[in-house]
Every structure is written in structure tokens, then in C-alpha cells.
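Trainee: The structure that follows is given in the form of C-alpha cells.
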Amino acid sequence: MAEGQTPGSPGQVSLEDIEEAALTLAGVAVRTPMEESRWLSGLVGGPVSLKCENLQRTGSFKARGAYVRMARLTDAERARGVVAASAGNHAQGVALAAQTLGIRATVFMPEGAPIPKENATRGYGAEVVFAGRYLEDALVAAGRFAEETGAVLIHPFDHVDVVAGQGTCGLEIMEQAPEARTVLVPTGGGGLLAGIAIAIKARHPDVRVVGVQAEHAAAFPGSLAAGAPVALGEMRTMADGIAVGLPGAITFAAIRDLVDDVVTVSEESLSRALLALVERAKMVVEPAGAVAVAALLDAPRAFETPVVAVLSGGNIDPLLLGKVIRHGLAAAGRFLYLRVIIGDRPGGLASLLAEVSAAGGNVLEVAHERTSPRLALDEVEVRLQLETRGGPHTEQLLARLRERGYRVEE
């Protein structure tokens, strides 16, 4: 057994491997900050800190593993170039490492990958090719390219050097928050979760390590129940950075043996978490990077404190950010969409809007519908988009309208 490994660990990656990876990354990766979160601490009832990998080079933890893997290539391997498959964050990590090390890089991305991630990958000098709908499709295309050209495949998560590189984040967590009792980690293919678990459990086996997945792209719960990696039939999530339908062999073994639990969060919870991070923590993260905070918002008393929540990435399309913020406002009860039936008479709409204003609602949009089989001849349907102060205020506003005799549907 390698020094630093715990009994029952998978054997492919040890604490010593991760410590060596940290030396490789010295001067390359950023030692990202650990920020105390007072609002989350108040919600959870104990200290909560945020490990800000969204402030890592390329905006994601992926730069760690990609560089470690590529720095260890032989001269002959470097001469053949590298190829990778990624929805964006691993792509940028590979592209930056290739630029730094003077290696030619080709990256296959699933169709529909976020434009900023594509542009950033090209900006680091890599060639980008689109292939398939999911990451697994892009991986197949990248594997074919490697066979045809001799390029070295840099897997996004299932390689010992990649896991060791991601594990350096776990070393930093234990150095920056040695009192932590629970660490929540965003999880897709499992490279970050596996690396962090190996690093933490080797020194602090009593610390609880929990993976967090988007519920409609969660391959690990079913795979762990089956005792082997099981592919998902489909995935639907805004969290493209963790939309991985099949765990890797290396990451599955580490997570099976060392991780205490894997939980899932809904799209609504993701939106609320992302919005809260912008508002309360002044942190811009992508949906995948917000899942650990979403788990805390869903079950604030479920995790022993002090808690560390990893913000794994911050590469979000500004257009998506706007949509997610609006979705988060709606999920938090601060956007309200109503259909109200009123009489078709002069002053009817003005009276309705006056009631909304008196209740403290801010009208964002108004639309009329006069022709509908739902309506009587003397009725009009008014569709309102309102801004409120949250759930209790929304209930007060609805109650006021109904008390005034309005037929209201949310």
C-alpha cells in the first residue's frame, strides 16, 4: 500500500501522488481562496466556507488535472500532440496547458457547448471540433482522432494524473479549513470528487465527503447501487460542466470506497443557488459550480459543520446567466406570473394595476387577451409579470387580489 493511502482505497492514486502533483502545479495553478460565507453559516447554523475554484486559471479546477497529465508526457508524446473531449472547462484546461508546454491541441466539444467556453479554448490556441450531443459522443470522436493521428488522449476525469491534479484542491481545503467536518463537491465524471476524497480521507478519515450531482444528470447514484458504472439514457440539465452520463473506472472505484454520500439537486435549486451566490457572496459561478451550495439550500441541517462547499467553476455564458437569474428569482418567489380575469369595462385594467401597486408588486409586463373560449363576452384576461419581495410577499399580494374579487391563476 502506498504511503498515505487508506485501507480499501482503489490503489490507482495515493496521497503521495497528489502531493507530487502539487509540486508540479507550483507556479502554474492558483491557490484559490477559501471565503467564509456568513449568510450560509446563518442558514446552516454553523460555519460554512466557499472554496473558490471559480477563481482558478481558466475559471475552473480543470486546469489542475490537465496540466499535471500533460506535464508528464514524454517528448515523443508531446510531439504527437494531444486531443481532448470536453463541454468547455476541461477544454480550456487542456488548451492552457498545451499553450504553456508548447504542445499542439485538438478539442472535441459536444454541439451546443457554451460559446464563451468555445471562444476561450480557441483563444488559448487549441483547435475546436464539434461532435455529438453529449460529452460521451465527443469522447468517442476524440478517441477515434487519437487512433488515426497518434495524438495523446487527455481524458477529462478518468486518468490517475488527472485525479491526482484535481486532488491538490483537497490538500488546499485541509490546509485552509483544517476544522472542516463536511466537504461538498460538485460531481460529473468524478475526477474532482475522487481526488478530493483521496486527499482528505488519507489524513482525516473522519471528515465527511459528499458529492453533489444535478438530478437529471446523476450517473453515480445508480452506478453505486449497481456496483459498477452504469450509463444514463439521457441527460437534461443547465449544468453542462457536470453533465456526464457514465462514471470512469478509476473515479468510480475511488468514490465507491471513500465518498460518504452522493446527493442530487433540482434545476430550481441550482437557479436559486446561483442567484444567491451572485447576490450574497458576490461570486459569479456556472450552474455546475453552484451545486454544492444548492445542496445546502435544500437541506441546511443535513450536514455537520464546519462545512466547505466547493465552487468548481465560473465559466457561464452571460446570456445563460441572465436566464438563470430570472429562473432563480422565479424559484425564490420573486417573479410572479399571473392570469387575472377582469370585466371588459373602462378603468378595469387601471383598477387591477392599482391593487397590485398597493400590495407592493412591481409590474414588469402586461398583456391583454380578449378572444378566448375561456372568456365571457364581457371579460378580458390580463397576463401580468410581477416582481415581488419573495414568497411571503407573493402570498400577501395574491390574497389581496382574491379578497377584492379577482379570479387569479398563477
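Letters A, B, ... go to the chains of the C-alpha cells in the order shown; residues in each chain start at 1; ligands are counted from 1 in the same order.
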Near region 169-186 of chain A, within 7 Å and counting only C-alpha atoms, which residues show up once chain neighbours fewer than 6 positions away are dropped, as an mmCIF file with N, CA, C and O atoms, in the first residue's frame?

Mentor:
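As a result, around-v3.cif now contains:
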```
data_model
loop_
_atom_site.group_PDB
_atom_site.id
_atom_site.type_symbol
_atom_site.label_atom_id
_atom_site.label_comp_id
_atom_site.auth_asym_id
_atom_site.auth_seq_id
_atom_site.Cartn_x
_atom_site.Cartn_y
_atom_site.Cartn_z
ATOM 1 N N MET A 34 -10.312 30.593 0.181
ATOM 2 C CA MET A 34 -11.384 29.990 0.965
ATOM 3 C C MET A 34 -12.111 31.145 1.650
ATOM 4 O O MET A 34 -11.541 31.826 2.502
ATOM 5 N N LEU A 193 -14.180 14.949 -7.278
ATOM 6 C CA LEU A 193 -14.634 14.277 -6.064
ATOM 7 C C LEU A 193 -13.664 13.184 -5.643
ATOM 8 O O LEU A 193 -13.315 13.063 -4.459
ATOM 9 N N GLY A 195 -10.413 12.873 -6.386
ATOM 10 C CA GLY A 195 -9.151 13.447 -5.938
ATOM 11 C C GLY A 195 -9.250 14.067 -4.560
ATOM 12 O O GLY A 195 -8.379 13.864 -3.704
ATOM 13 N N ILE A 196 -10.333 14.844 -4.334
ATOM 14 C CA ILE A 196 -10.518 15.471 -3.026
ATOM 15 C C ILE A 196 -10.710 14.412 -1.950
ATOM 16 O O ILE A 196 -10.155 14.515 -0.847
ATOM 17 N N ALA A 199 -7.366 12.775 -1.056
ATOM 18 C CA ALA A 199 -6.503 13.679 -0.305
ATOM 19 C C ALA A 199 -6.991 13.849 1.127
ATOM 20 O O ALA A 199 -6.189 13.819 2.076
ATOM 21 N N ILE A 200 -8.291 14.021 1.303
ATOM 22 C CA ILE A 200 -8.828 14.294 2.638
ATOM 23 C C ILE A 200 -8.859 13.036 3.502
ATOM 24 O O ILE A 200 -8.443 13.040 4.667
ATOM 25 N N VAL A 207 -13.586 13.093 8.307
ATOM 26 C CA VAL A 207 -14.259 14.184 7.596
ATOM 27 C C VAL A 207 -15.211 13.586 6.569
ATOM 28 O O VAL A 207 -14.845 12.684 5.810
ATOM 29 N N ARG A 208 -16.427 14.084 6.546
ATOM 30 C CA ARG A 208 -17.444 13.572 5.630
ATOM 31 C C ARG A 208 -17.289 14.252 4.269
ATOM 32 O O ARG A 208 -17.305 15.482 4.173
ATOM 33 N N VAL A 209 -17.125 13.458 3.210
ATOM 34 C CA VAL A 209 -17.005 13.964 1.838
ATOM 35 C C VAL A 209 -18.249 13.555 1.069
ATOM 36 O O VAL A 209 -18.586 12.362 0.997
ATOM 37 N N VAL A 210 -18.940 14.545 0.491
ATOM 38 C CA VAL A 210 -20.216 14.309 -0.180
ATOM 39 C C VAL A 210 -20.159 14.873 -1.598
ATOM 40 O O VAL A 210 -19.807 16.035 -1.797
ATOM 41 N N GLY A 211 -20.498 14.045 -2.571
ATOM 42 C CA GLY A 211 -20.616 14.504 -3.953
ATOM 43 C C GLY A 211 -22.010 15.041 -4.218
ATOM 44 O O GLY A 211 -22.987 14.570 -3.627
ATOM 45 N N VAL A 212 -22.110 16.034 -5.109
ATOM 46 C CA VAL A 212 -23.397 16.624 -5.460
ATOM 47 C C VAL A 212 -23.543 16.615 -6.980
ATOM 48 O O VAL A 212 -22.665 17.097 -7.690
ATOM 49 N N GLN A 213 -24.677 16.058 -7.453
ATOM 50 C CA GLN A 213 -24.952 15.996 -8.884
ATOM 51 C C GLN A 213 -26.291 16.660 -9.197
ATOM 52 O O GLN A 213 -27.176 16.759 -8.335
ATOM 53 N N ALA A 288 -22.967 24.313 -12.809
ATOM 54 C CA ALA A 288 -22.255 23.170 -12.216
ATOM 55 C C ALA A 288 -21.499 23.580 -10.967
ATOM 56 O O ALA A 288 -21.388 22.808 -10.008
ATOM 57 N N GLY A 289 -20.985 24.802 -10.947
ATOM 58 C CA GLY A 289 -20.216 25.274 -9.809
ATOM 59 C C GLY A 289 -21.048 25.603 -8.598
ATOM 60 O O GLY A 289 -20.516 25.796 -7.505
ATOM 61 N N VAL A 291 -23.702 23.661 -7.442
ATOM 62 C CA VAL A 291 -24.500 22.542 -6.919
ATOM 63 C C VAL A 291 -24.252 22.276 -5.438
ATOM 64 O O VAL A 291 -25.161 21.863 -4.716
ATOM 65 N N ALA A 292 -23.028 22.522 -4.953
ATOM 66 C CA ALA A 292 -22.762 22.285 -3.538
ATOM 67 C C ALA A 292 -23.563 23.249 -2.673
ATOM 68 O O ALA A 292 -24.106 22.861 -1.629
ATOM 69 N N PHE A 303 -25.980 18.602 7.118
ATOM 70 C CA PHE A 303 -24.531 18.431 7.056
ATOM 71 C C PHE A 303 -23.870 19.005 8.304
ATOM 72 O O PHE A 303 -24.134 20.137 8.707
ATOM 73 N N GLU A 304 -22.996 18.203 8.908
ATOM 74 C CA GLU A 304 -22.288 18.654 10.103
ATOM 75 C C GLU A 304 -21.353 19.801 9.761
ATOM 76 O O GLU A 304 -20.634 19.766 8.749
ATOM 77 N N THR A 305 -21.350 20.811 10.590
ATOM 78 C CA THR A 305 -20.466 21.953 10.385
ATOM 79 C C THR A 305 -19.192 21.795 11.220
ATOM 80 O O THR A 305 -19.184 21.028 12.181
ATOM 81 N N PRO A 306 -18.141 22.518 10.839
ATOM 82 C CA PRO A 306 -17.987 23.428 9.714
ATOM 83 C C PRO A 306 -18.071 22.696 8.360
ATOM 84 O O PRO A 306 -17.579 21.571 8.218
ATOM 85 N N VAL A 307 -18.678 23.390 7.389
ATOM 86 C CA VAL A 307 -18.858 22.856 6.044
ATOM 87 C C VAL A 307 -18.013 23.653 5.060
ATOM 88 O O VAL A 307 -17.912 24.879 5.157
ATOM 89 N N VAL A 308 -17.406 22.947 4.117
ATOM 90 C CA VAL A 308 -16.769 23.581 2.962
ATOM 91 C C VAL A 308 -17.557 23.189 1.719
ATOM 92 O O VAL A 308 -17.766 21.992 1.462
ATOM 93 N N ALA A 309 -18.023 24.188 0.959
ATOM 94 C CA ALA A 309 -18.704 23.950 -0.312
ATOM 95 C C ALA A 309 -17.778 24.403 -1.433
ATOM 96 O O ALA A 309 -17.337 25.559 -1.452
ATOM 97 N N VAL A 310 -17.470 23.506 -2.345
ATOM 98 C CA VAL A 310 -16.556 23.819 -3.454
ATOM 99 C C VAL A 310 -17.346 24.476 -4.587
ATOM 100 O O VAL A 310 -18.343 23.922 -5.062
ATOM 101 N N SER A 312 -16.888 24.934 -8.146
ATOM 102 C CA SER A 312 -15.937 24.280 -9.047
ATOM 103 C C SER A 312 -15.621 25.061 -10.306
ATOM 104 O O SER A 312 -14.590 24.813 -10.939
#
```

Trainee: Can you tell me which residues surround region 252-256 of chain A at a distance of at most 12 Å, considering only C-alpha atoms, apart from same-chain residues fewer than 6 positions away, and format the answer as a ChimeraX atom specification?

Mentor: /A:5-14,157-160,163-164,167,185,187-199,201,209-211,219-230,246,262

Trainee: Rank nothing, just name the residue among A:Val152, A:Val128, A:Ala26, A:Ala231 nearest to Arg69 (chain A), using only C-alpha atoms.

Mentor: A:Val152

Trainee: Using only C-alpha atoms, which of A:Ile341, A:Leu296, A:Val380, A:Ala332 sits nearest Val44 (chain A)?

Mentor: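 Using only C-alpha atoms, Val44 (chain A) sits closest to A:Leu296.
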